[in-house]
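Source file: target.csv; contents: CSV, N, CA and C atoms.
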chain,number,residue,atom,x,y,z
A,1,MET,N,-31.5,-2.7,-21.5
A,1,MET,CA,-31.4,-3.5,-20.3
A,1,MET,C,-30.0,-4.2,-20.4
A,2,LYS,N,-29.4,-4.4,-19.2
A,2,LYS,CA,-28.1,-5.1,-19.2
A,2,LYS,C,-28.4,-6.5,-18.7
A,3,ILE,N,-27.9,-7.5,-19.4
A,3,ILE,CA,-28.0,-8.9,-19.1
A,3,ILE,C,-26.6,-9.4,-18.7
A,4,MET,N,-26.5,-10.0,-17.6
A,4,MET,CA,-25.2,-10.5,-17.1
A,4,MET,C,-25.3,-12.0,-16.9
A,5,TYR,N,-24.1,-12.7,-17.2
A,5,TYR,CA,-24.0,-14.1,-17.1
A,5,TYR,C,-22.8,-14.5,-16.3
A,6,PHE,N,-22.9,-15.4,-15.4
A,6,PHE,CA,-21.8,-15.8,-14.5
A,6,PHE,C,-21.6,-17.3,-14.6
A,7,ALA,N,-20.3,-17.7,-14.3
A,7,ALA,CA,-19.9,-19.1,-14.3
A,7,ALA,C,-20.1,-19.8,-15.6
A,8,TRP,N,-20.7,-21.0,-15.6
A,8,TRP,CA,-20.8,-21.7,-16.9
A,8,TRP,C,-21.8,-21.1,-17.8
A,9,LEU,N,-22.7,-20.2,-17.4
A,9,LEU,CA,-23.5,-19.5,-18.3
A,9,LEU,C,-22.7,-18.5,-19.2
A,10,LYS,N,-21.7,-17.9,-18.5
A,10,LYS,CA,-20.8,-17.0,-19.2
A,10,LYS,C,-20.0,-17.8,-20.3
A,11,GLU,N,-19.6,-19.0,-19.9
A,11,GLU,CA,-18.8,-19.8,-20.9
A,11,GLU,C,-19.7,-20.2,-22.1
A,12,HIS,N,-20.9,-20.6,-21.9
A,12,HIS,CA,-21.8,-21.0,-23.0
A,12,HIS,C,-22.2,-19.8,-23.9
A,13,THR,N,-22.4,-18.6,-23.3
A,13,THR,CA,-22.9,-17.5,-24.1
A,13,THR,C,-21.7,-16.8,-24.7
A,14,GLY,N,-20.5,-17.0,-24.2
A,14,GLY,CA,-19.3,-16.3,-24.7
A,14,GLY,C,-19.1,-14.9,-24.3
A,15,CYS,N,-19.9,-14.4,-23.3
A,15,CYS,CA,-19.8,-13.1,-22.8
A,15,CYS,C,-20.3,-13.0,-21.3
A,16,SER,N,-19.7,-12.0,-20.6
A,16,SER,CA,-20.1,-11.8,-19.2
A,16,SER,C,-21.3,-10.9,-19.1
A,17,PHE,N,-21.5,-10.1,-20.1
A,17,PHE,CA,-22.7,-9.2,-20.1
A,17,PHE,C,-23.0,-8.8,-21.6
A,18,GLU,N,-24.2,-8.3,-21.8
A,18,GLU,CA,-24.6,-7.7,-23.0
A,18,GLU,C,-25.8,-6.8,-22.8
A,19,ASP,N,-25.8,-5.7,-23.6
A,19,ASP,CA,-26.9,-4.8,-23.6
A,19,ASP,C,-27.9,-5.2,-24.6
A,20,MET,N,-29.2,-5.1,-24.2
A,20,MET,CA,-30.2,-5.6,-25.1
A,20,MET,C,-31.4,-4.7,-24.9
A,21,PRO,N,-32.0,-4.1,-26.0
A,21,PRO,CA,-33.3,-3.4,-25.8
A,21,PRO,C,-34.3,-4.4,-25.4
A,22,ILE,N,-35.2,-4.0,-24.5
A,22,ILE,CA,-36.2,-4.9,-24.0
A,22,ILE,C,-37.2,-5.1,-25.2
A,23,PRO,N,-37.5,-6.4,-25.6
A,23,PRO,CA,-38.4,-6.6,-26.7
A,23,PRO,C,-39.8,-6.2,-26.3
A,24,ASP,N,-40.6,-5.8,-27.3
A,24,ASP,CA,-42.0,-5.4,-27.1
A,24,ASP,C,-42.7,-6.6,-26.4
A,25,GLY,N,-43.6,-6.2,-25.5
A,25,GLY,CA,-44.4,-7.2,-24.8
A,25,GLY,C,-43.7,-8.0,-23.7
A,26,VAL,N,-42.4,-7.7,-23.5
A,26,VAL,CA,-41.7,-8.5,-22.4
A,26,VAL,C,-41.7,-7.6,-21.2
A,27,ASP,N,-42.3,-8.2,-20.1
A,27,ASP,CA,-42.4,-7.5,-18.8
A,27,ASP,C,-42.0,-8.4,-17.6
A,28,THR,N,-41.5,-9.6,-17.9
A,28,THR,CA,-41.0,-10.5,-16.8
A,28,THR,C,-39.7,-11.2,-17.3
A,29,VAL,N,-39.0,-11.7,-16.3
A,29,VAL,CA,-37.8,-12.5,-16.7
A,29,VAL,C,-38.2,-13.7,-17.6
A,30,GLY,N,-39.2,-14.4,-17.2
A,30,GLY,CA,-39.7,-15.5,-18.0
A,30,GLY,C,-40.0,-15.2,-19.5
A,31,ALA,N,-40.6,-14.0,-19.7
A,31,ALA,CA,-40.9,-13.6,-21.0
A,31,ALA,C,-39.7,-13.2,-21.8
A,32,LEU,N,-38.6,-12.9,-21.1
A,32,LEU,CA,-37.3,-12.5,-21.7
A,32,LEU,C,-36.6,-13.7,-22.2
A,33,ILE,N,-36.7,-14.8,-21.6
A,33,ILE,CA,-35.9,-16.0,-21.9
A,33,ILE,C,-35.9,-16.4,-23.3
A,34,PRO,N,-37.1,-16.5,-24.0
A,34,PRO,CA,-37.1,-16.9,-25.4
A,34,PRO,C,-36.3,-16.0,-26.3
A,35,HIS,N,-36.3,-14.7,-26.0
A,35,HIS,CA,-35.5,-13.7,-26.8
A,35,HIS,C,-34.0,-13.9,-26.6
A,36,ILE,N,-33.6,-14.3,-25.4
A,36,ILE,CA,-32.2,-14.6,-25.2
A,36,ILE,C,-31.8,-15.9,-25.8
A,37,THR,N,-32.6,-16.9,-25.7
A,37,THR,CA,-32.2,-18.2,-26.2
A,37,THR,C,-32.1,-18.3,-27.7
A,38,CYS,N,-32.7,-17.3,-28.4
A,38,CYS,CA,-32.6,-17.3,-29.9
A,38,CYS,C,-31.4,-16.6,-30.4
A,39,LYS,N,-30.6,-16.0,-29.5
A,39,LYS,CA,-29.4,-15.2,-29.9
A,39,LYS,C,-28.3,-16.1,-30.5
A,40,SER,N,-28.2,-17.3,-29.9
A,40,SER,CA,-27.1,-18.2,-30.4
A,40,SER,C,-27.4,-19.6,-29.7
A,41,ALA,N,-26.7,-20.6,-30.3
A,41,ALA,CA,-26.7,-21.9,-29.7
A,41,ALA,C,-26.2,-21.9,-28.3
A,42,GLY,N,-25.2,-21.1,-28.0
A,42,GLY,CA,-24.6,-21.1,-26.7
A,42,GLY,C,-25.6,-20.5,-25.7
A,43,HIS,N,-26.3,-19.4,-26.1
A,43,HIS,CA,-27.4,-18.8,-25.2
A,43,HIS,C,-28.5,-19.9,-24.9
A,44,LYS,N,-28.9,-20.6,-26.0
A,44,LYS,CA,-29.9,-21.7,-25.8
A,44,LYS,C,-29.4,-22.7,-24.8
A,45,THR,N,-28.2,-23.2,-24.9
A,45,THR,CA,-27.6,-24.1,-24.0
A,45,THR,C,-27.5,-23.6,-22.6
A,46,ALA,N,-27.1,-22.4,-22.4
A,46,ALA,CA,-27.0,-21.8,-21.1
A,46,ALA,C,-28.3,-21.8,-20.3
A,47,LEU,N,-29.4,-21.5,-21.1
A,47,LEU,CA,-30.7,-21.4,-20.4
A,47,LEU,C,-31.6,-22.5,-20.6
A,48,GLN,N,-31.1,-23.7,-21.1
A,48,GLN,CA,-32.0,-24.8,-21.4
A,48,GLN,C,-32.6,-25.4,-20.2
A,49,ASN,N,-31.9,-25.4,-19.1
A,49,ASN,CA,-32.4,-26.1,-17.8
A,49,ASN,C,-32.5,-25.0,-16.8
A,50,LEU,N,-33.7,-24.4,-16.7
A,50,LEU,CA,-33.9,-23.2,-15.8
A,50,LEU,C,-34.0,-23.6,-14.4
A,51,ASP,N,-34.1,-25.0,-14.1
A,51,ASP,CA,-34.0,-25.4,-12.7
A,51,ASP,C,-32.6,-25.2,-12.1
A,52,ALA,N,-31.6,-25.1,-13.0
A,52,ALA,CA,-30.2,-25.0,-12.6
A,52,ALA,C,-29.7,-23.5,-12.8
A,53,VAL,N,-30.6,-22.6,-12.9
A,53,VAL,CA,-30.2,-21.2,-13.1
A,53,VAL,C,-31.0,-20.3,-12.1
A,54,ARG,N,-30.3,-19.4,-11.5
A,54,ARG,CA,-30.9,-18.5,-10.6
A,54,ARG,C,-30.9,-17.1,-11.3
A,55,VAL,N,-31.7,-16.2,-10.9
A,55,VAL,CA,-31.8,-14.9,-11.5
A,55,VAL,C,-31.9,-13.8,-10.4
A,56,ALA,N,-31.3,-12.7,-10.8
A,56,ALA,CA,-31.4,-11.5,-9.9
A,56,ALA,C,-31.8,-10.3,-10.8
A,57,VAL,N,-32.6,-9.4,-10.4
A,57,VAL,CA,-33.0,-8.2,-11.1
A,57,VAL,C,-32.6,-7.1,-10.2
A,58,ASN,N,-31.7,-6.2,-10.8
A,58,ASN,CA,-31.1,-5.1,-10.0
A,58,ASN,C,-30.5,-5.6,-8.7
A,59,ARG,N,-29.8,-6.7,-8.7
A,59,ARG,CA,-29.1,-7.3,-7.6
A,59,ARG,C,-30.0,-7.8,-6.5
A,60,VAL,N,-31.2,-8.1,-6.8
A,60,VAL,CA,-32.2,-8.7,-5.8
A,60,VAL,C,-32.6,-10.0,-6.4
A,61,TYR,N,-32.5,-11.1,-5.6
A,61,TYR,CA,-32.9,-12.4,-6.2
A,61,TYR,C,-34.4,-12.3,-6.6
A,62,GLY,N,-34.6,-13.0,-7.7
A,62,GLY,CA,-36.0,-13.1,-8.3
A,62,GLY,C,-36.2,-14.4,-8.9
A,63,ASP,N,-37.3,-14.5,-9.7
A,63,ASP,CA,-37.6,-15.7,-10.4
A,63,ASP,C,-38.2,-15.3,-11.8
A,64,LEU,N,-38.8,-16.3,-12.5
A,64,LEU,CA,-39.2,-16.1,-13.8
A,64,LEU,C,-40.4,-15.1,-13.8
A,65,ALA,N,-41.1,-14.9,-12.7
A,65,ALA,CA,-42.2,-14.0,-12.7
A,65,ALA,C,-41.8,-12.6,-12.3
A,66,THR,N,-40.6,-12.3,-12.0
A,66,THR,CA,-40.1,-11.0,-11.6
A,66,THR,C,-40.2,-10.0,-12.7
A,67,PRO,N,-40.9,-8.9,-12.4
A,67,PRO,CA,-41.1,-7.8,-13.5
A,67,PRO,C,-39.7,-7.2,-13.9
A,68,ILE,N,-39.6,-6.8,-15.1
A,68,ILE,CA,-38.4,-6.2,-15.6
A,68,ILE,C,-38.8,-5.0,-16.5
A,69,GLY,N,-37.9,-4.0,-16.6
A,69,GLY,CA,-38.1,-2.9,-17.5
A,69,GLY,C,-36.8,-2.6,-18.2
A,70,ASP,N,-36.8,-1.6,-19.1
A,70,ASP,CA,-35.7,-1.3,-20.0
A,70,ASP,C,-34.4,-0.9,-19.3
A,71,ARG,N,-34.5,-0.4,-18.1
A,71,ARG,CA,-33.3,0.1,-17.5
A,71,ARG,C,-32.8,-0.8,-16.4
A,72,ASP,N,-33.4,-2.0,-16.4
A,72,ASP,CA,-33.0,-3.0,-15.3
A,72,ASP,C,-31.7,-3.8,-15.7
A,73,GLU,N,-31.1,-4.4,-14.7
A,73,GLU,CA,-30.0,-5.3,-14.8
A,73,GLU,C,-30.5,-6.7,-14.4
A,74,VAL,N,-30.4,-7.6,-15.4
A,74,VAL,CA,-30.8,-9.0,-15.1
A,74,VAL,C,-29.6,-9.9,-15.1
A,75,ALA,N,-29.4,-10.6,-14.1
A,75,ALA,CA,-28.2,-11.5,-13.9
A,75,ALA,C,-28.7,-12.9,-13.9
A,76,PHE,N,-28.0,-13.8,-14.6
A,76,PHE,CA,-28.2,-15.2,-14.6
A,76,PHE,C,-27.0,-15.9,-14.0
A,77,PHE,N,-27.2,-16.9,-13.1
A,77,PHE,CA,-26.0,-17.5,-12.4
A,77,PHE,C,-26.5,-18.9,-11.9
A,78,PRO,N,-25.5,-19.8,-11.7
A,78,PRO,CA,-25.8,-21.1,-11.1
A,78,PRO,C,-26.2,-20.9,-9.6
A,79,PRO,N,-26.9,-21.9,-9.0
A,79,PRO,CA,-27.1,-21.8,-7.6
A,79,PRO,C,-25.8,-21.7,-6.8
A,80,VAL,N,-25.9,-20.9,-5.7
A,80,VAL,CA,-24.7,-20.6,-4.9
A,80,VAL,C,-24.9,-21.4,-3.6
A,81,THR,N,-23.9,-22.1,-3.2
A,81,THR,CA,-23.9,-22.8,-1.9
A,81,THR,C,-22.8,-22.3,-1.0
A,82,GLY,N,-23.0,-22.4,0.2
A,82,GLY,CA,-22.0,-22.0,1.2
A,82,GLY,C,-21.2,-23.2,1.7
A,83,GLY,N,-20.1,-22.9,2.4
A,83,GLY,CA,-19.3,-24.1,2.9
A,83,GLY,C,-18.9,-23.9,4.3
Kindly present the structure from the file in structure tokens form.
Amino acid sequence: MKIMYFAWLKEHTGCSFEDMPIPDGVDTVGALIPHITCKSAGHKTALQNLDAVRVAVNRVYGDLATPIGDRDEVAFFPPVTGG
């Protein structure tokens, strides 16, 4: 699976994307979060306040209950506002 980070999430994790095999038993975005946050202190910081993080799976907005699979692209980004 490809995991992408944007804006300040990218700054905290130190990368814009990373490839990660989907851990056993993980089938939703919410179930993936603990596996990401244990990668580094920066990953933990990036995802510590999930109210300030949006998610998309395969370029479609989702949430923590969105199903994921091994070939999916999961993106984390701050809320987007228009002007």
At most 6.5 Å is the cut-off: for each residue in region 3-54 of chain A with any atom that close to an atom of region 67-73 of chain A, write down the nearest atom pair and the distance in Å rounded to one decimal, counting only N, CA and C atoms, chain first then increasing number, as a tab-separated table.
residue	atom	partner	partner_atom	distance
A:Ile3	N	A:Glu73	CA	5.5
A:Met4	N	A:Glu73	C	6.1
A:Pro21	C	A:Asp70	CA	6.4
A:Ile22	N	A:Asp70	CA	5.3
A:Val26	C	A:Ile68	C	6.1
A:Asp27	C	A:Ile68	N	3.8
A:Thr28	CA	A:Pro67	CA	4.3
A:Val29	N	A:Ile68	N	5.1
Residues just named, written with N, CA and C atoms as a PDB file, in the coordinates of the input:
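What follows is the written file part_9.pdb:
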ATOM      1  N   ILE A   3     -27.900  -7.500 -19.400  1.00  0.00           N
ATOM      2  CA  ILE A   3     -28.000  -8.900 -19.100  1.00  0.00           C
ATOM      3  C   ILE A   3     -26.600  -9.400 -18.700  1.00  0.00           C
ATOM      4  N   MET A   4     -26.500 -10.000 -17.600  1.00  0.00           N
ATOM      5  CA  MET A   4     -25.200 -10.500 -17.100  1.00  0.00           C
ATOM      6  C   MET A   4     -25.300 -12.000 -16.900  1.00  0.00           C
ATOM      7  N   PRO A  21     -32.000  -4.100 -26.000  1.00  0.00           N
ATOM      8  CA  PRO A  21     -33.300  -3.400 -25.800  1.00  0.00           C
ATOM      9  C   PRO A  21     -34.300  -4.400 -25.400  1.00  0.00           C
ATOM     10  N   ILE A  22     -35.200  -4.000 -24.500  1.00  0.00           N
ATOM     11  CA  ILE A  22     -36.200  -4.900 -24.000  1.00  0.00           C
ATOM     12  C   ILE A  22     -37.200  -5.100 -25.200  1.00  0.00           C
ATOM     13  N   VAL A  26     -42.400  -7.700 -23.500  1.00  0.00           N
ATOM     14  CA  VAL A  26     -41.700  -8.500 -22.400  1.00  0.00           C
ATOM     15  C   VAL A  26     -41.700  -7.600 -21.200  1.00  0.00           C
ATOM     16  N   ASP A  27     -42.300  -8.200 -20.100  1.00  0.00           N
ATOM     17  CA  ASP A  27     -42.400  -7.500 -18.800  1.00  0.00           C
ATOM     18  C   ASP A  27     -42.000  -8.400 -17.600  1.00  0.00           C
ATOM     19  N   THR A  28     -41.500  -9.600 -17.900  1.00  0.00           N
ATOM     20  CA  THR A  28     -41.000 -10.500 -16.800  1.00  0.00           C
ATOM     21  C   THR A  28     -39.700 -11.200 -17.300  1.00  0.00           C
ATOM     22  N   VAL A  29     -39.000 -11.700 -16.300  1.00  0.00           N
ATOM     23  CA  VAL A  29     -37.800 -12.500 -16.700  1.00  0.00           C
ATOM     24  C   VAL A  29     -38.200 -13.700 -17.600  1.00  0.00           C
TER      25      VAL A  29
END
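Across the structure, CA of Gly25 (chain A) and atom C of Gln48 (chain A) are spaced 22.2 Å apart.
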Nearby residues (only C-alpha atoms) at most 9 Å from Tyr5 (chain A), same-chain spacing under 3 positions excluded, as a compact mmCIF listing (two decimals) with N, CA and C atoms, in the coordinates of the input:
# COMPACT_ATOMS: atom_id res chain seq x y z
N TRP A 8 -20.70 -21.00 -15.60
CA TRP A 8 -20.80 -21.70 -16.90
C TRP A 8 -21.80 -21.10 -17.80
N LEU A 9 -22.70 -20.20 -17.40
CA LEU A 9 -23.50 -19.50 -18.30
C LEU A 9 -22.70 -18.50 -19.20
N LYS A 10 -21.70 -17.90 -18.50
CA LYS A 10 -20.80 -17.00 -19.20
C LYS A 10 -20.00 -17.80 -20.30
N GLU A 11 -19.60 -19.00 -19.90
CA GLU A 11 -18.80 -19.80 -20.90
C GLU A 11 -19.70 -20.20 -22.10
N THR A 13 -22.40 -18.60 -23.30
CA THR A 13 -22.90 -17.50 -24.10
C THR A 13 -21.70 -16.80 -24.70
N CYS A 15 -19.90 -14.40 -23.30
CA CYS A 15 -19.80 -13.10 -22.80
C CYS A 15 -20.30 -13.00 -21.30
N SER A 16 -19.70 -12.00 -20.60
CA SER A 16 -20.10 -11.80 -19.20
C SER A 16 -21.30 -10.90 -19.10
N PHE A 17 -21.50 -10.10 -20.10
CA PHE A 17 -22.70 -9.20 -20.10
C PHE A 17 -23.00 -8.80 -21.60
N GLU A 18 -24.20 -8.30 -21.80
CA GLU A 18 -24.60 -7.70 -23.00
C GLU A 18 -25.80 -6.80 -22.80
N VAL A 74 -30.40 -7.60 -15.40
CA VAL A 74 -30.80 -9.00 -15.10
C VAL A 74 -29.60 -9.90 -15.10
N ALA A 75 -29.40 -10.60 -14.10
CA ALA A 75 -28.20 -11.50 -13.90
C ALA A 75 -28.70 -12.90 -13.90
N PHE A 76 -28.00 -13.80 -14.60
CA PHE A 76 -28.20 -15.20 -14.60
C PHE A 76 -27.00 -15.90 -14.00
N PHE A 77 -27.20 -16.90 -13.10
CA PHE A 77 -26.00 -17.50 -12.40
C PHE A 77 -26.50 -18.90 -11.90
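All residues of chain A that DSSP, run on the backbone, classes as strand (DSSP E or B) are Lys2, Ile3, Met4, Tyr5, Phe17, Glu18, Asp19, Thr28, Arg54, Val55, Ala56, Val57, Val60, Tyr61, Gly62, Pro67, Glu73, Val74, Ala75, Phe76 and Phe77 of chain A.
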Convert the current residue selection to file output with N, CA and C atoms, as a PDB file, in the coordinates of the input.
ATOM      1  N   LYS A   2     -29.400  -4.400 -19.200  1.00  0.00           N
ATOM      2  CA  LYS A   2     -28.100  -5.100 -19.200  1.00  0.00           C
ATOM      3  C   LYS A   2     -28.400  -6.500 -18.700  1.00  0.00           C
ATOM      4  N   ILE A   3     -27.900  -7.500 -19.400  1.00  0.00           N
ATOM      5  CA  ILE A   3     -28.000  -8.900 -19.100  1.00  0.00           C
ATOM      6  C   ILE A   3     -26.600  -9.400 -18.700  1.00  0.00           C
ATOM      7  N   MET A   4     -26.500 -10.000 -17.600  1.00  0.00           N
ATOM      8  CA  MET A   4     -25.200 -10.500 -17.100  1.00  0.00           C
ATOM      9  C   MET A   4     -25.300 -12.000 -16.900  1.00  0.00           C
ATOM     10  N   TYR A   5     -24.100 -12.700 -17.200  1.00  0.00           N
ATOM     11  CA  TYR A   5     -24.000 -14.100 -17.100  1.00  0.00           C
ATOM     12  C   TYR A   5     -22.800 -14.500 -16.300  1.00  0.00           C
ATOM     13  N   PHE A  17     -21.500 -10.100 -20.100  1.00  0.00           N
ATOM     14  CA  PHE A  17     -22.700  -9.200 -20.100  1.00  0.00           C
ATOM     15  C   PHE A  17     -23.000  -8.800 -21.600  1.00  0.00           C
ATOM     16  N   GLU A  18     -24.200  -8.300 -21.800  1.00  0.00           N
ATOM     17  CA  GLU A  18     -24.600  -7.700 -23.000  1.00  0.00           C
ATOM     18  C   GLU A  18     -25.800  -6.800 -22.800  1.00  0.00           C
ATOM     19  N   ASP A  19     -25.800  -5.700 -23.600  1.00  0.00           N
ATOM     20  CA  ASP A  19     -26.900  -4.800 -23.600  1.00  0.00           C
ATOM     21  C   ASP A  19     -27.900  -5.200 -24.600  1.00  0.00           C
ATOM     22  N   THR A  28     -41.500  -9.600 -17.900  1.00  0.00           N
ATOM     23  CA  THR A  28     -41.000 -10.500 -16.800  1.00  0.00           C
ATOM     24  C   THR A  28     -39.700 -11.200 -17.300  1.00  0.00           C
ATOM     25  N   ARG A  54     -30.300 -19.400 -11.500  1.00  0.00           N
ATOM     26  CA  ARG A  54     -30.900 -18.500 -10.600  1.00  0.00           C
ATOM     27  C   ARG A  54     -30.900 -17.100 -11.300  1.00  0.00           C
ATOM     28  N   VAL A  55     -31.700 -16.200 -10.900  1.00  0.00           N
ATOM     29  CA  VAL A  55     -31.800 -14.900 -11.500  1.00  0.00           C
ATOM     30  C   VAL A  55     -31.900 -13.800 -10.400  1.00  0.00           C
ATOM     31  N   ALA A  56     -31.300 -12.700 -10.800  1.00  0.00           N
ATOM     32  CA  ALA A  56     -31.400 -11.500  -9.900  1.00  0.00           C
ATOM     33  C   ALA A  56     -31.800 -10.300 -10.800  1.00  0.00           C
ATOM     34  N   VAL A  57     -32.600  -9.400 -10.400  1.00  0.00           N
ATOM     35  CA  VAL A  57     -33.000  -8.200 -11.100  1.00  0.00           C
ATOM     36  C   VAL A  57     -32.600  -7.100 -10.200  1.00  0.00           C
ATOM     37  N   VAL A  60     -31.200  -8.100  -6.800  1.00  0.00           N
ATOM     38  CA  VAL A  60     -32.200  -8.700  -5.800  1.00  0.00           C
ATOM     39  C   VAL A  60     -32.600 -10.000  -6.400  1.00  0.00           C
ATOM     40  N   TYR A  61     -32.500 -11.100  -5.600  1.00  0.00           N
ATOM     41  CA  TYR A  61     -32.900 -12.400  -6.200  1.00  0.00           C
ATOM     42  C   TYR A  61     -34.400 -12.300  -6.600  1.00  0.00           C
ATOM     43  N   GLY A  62     -34.600 -13.000  -7.700  1.00  0.00           N
ATOM     44  CA  GLY A  62     -36.000 -13.100  -8.300  1.00  0.00           C
ATOM     45  C   GLY A  62     -36.200 -14.400  -8.900  1.00  0.00           C
ATOM     46  N   PRO A  67     -40.900  -8.900 -12.400  1.00  0.00           N
ATOM     47  CA  PRO A  67     -41.100  -7.800 -13.500  1.00  0.00           C
ATOM     48  C   PRO A  67     -39.700  -7.200 -13.900  1.00  0.00           C
ATOM     49  N   GLU A  73     -31.100  -4.400 -14.700  1.00  0.00           N
ATOM     50  CA  GLU A  73     -30.000  -5.300 -14.800  1.00  0.00           C
ATOM     51  C   GLU A  73     -30.500  -6.700 -14.400  1.00  0.00           C
ATOM     52  N   VAL A  74     -30.400  -7.600 -15.400  1.00  0.00           N
ATOM     53  CA  VAL A  74     -30.800  -9.000 -15.100  1.00  0.00           C
ATOM     54  C   VAL A  74     -29.600  -9.900 -15.100  1.00  0.00           C
ATOM     55  N   ALA A  75     -29.400 -10.600 -14.100  1.00  0.00           N
ATOM     56  CA  ALA A  75     -28.200 -11.500 -13.900  1.00  0.00           C
ATOM     57  C   ALA A  75     -28.700 -12.900 -13.900  1.00  0.00           C
ATOM     58  N   PHE A  76     -28.000 -13.800 -14.600  1.00  0.00           N
ATOM     59  CA  PHE A  76     -28.200 -15.200 -14.600  1.00  0.00           C
ATOM     60  C   PHE A  76     -27.000 -15.900 -14.000  1.00  0.00           C
ATOM     61  N   PHE A  77     -27.200 -16.900 -13.100  1.00  0.00           N
ATOM     62  CA  PHE A  77     -26.000 -17.500 -12.400  1.00  0.00           C
ATOM     63  C   PHE A  77     -26.500 -18.900 -11.900  1.00  0.00           C
TER      64      PHE A  77
END
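As for atom C of Asp19 (chain A) and atom C of Met1 (chain A), they are spaced 4.8 Å apart.
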Inset, instruction - State, in Å with one decimal place, the distance from CA of Tyr61 (chain A) to CA of Pro34 (chain A). - result: 20.2 Å
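The shortest atom-to-atom distance to Asn49 (chain A), with only C-alpha atoms taken into account, belongs to A:Pro78 out of A:Pro78, A:Asp24, A:Gly62, A:Phe6.
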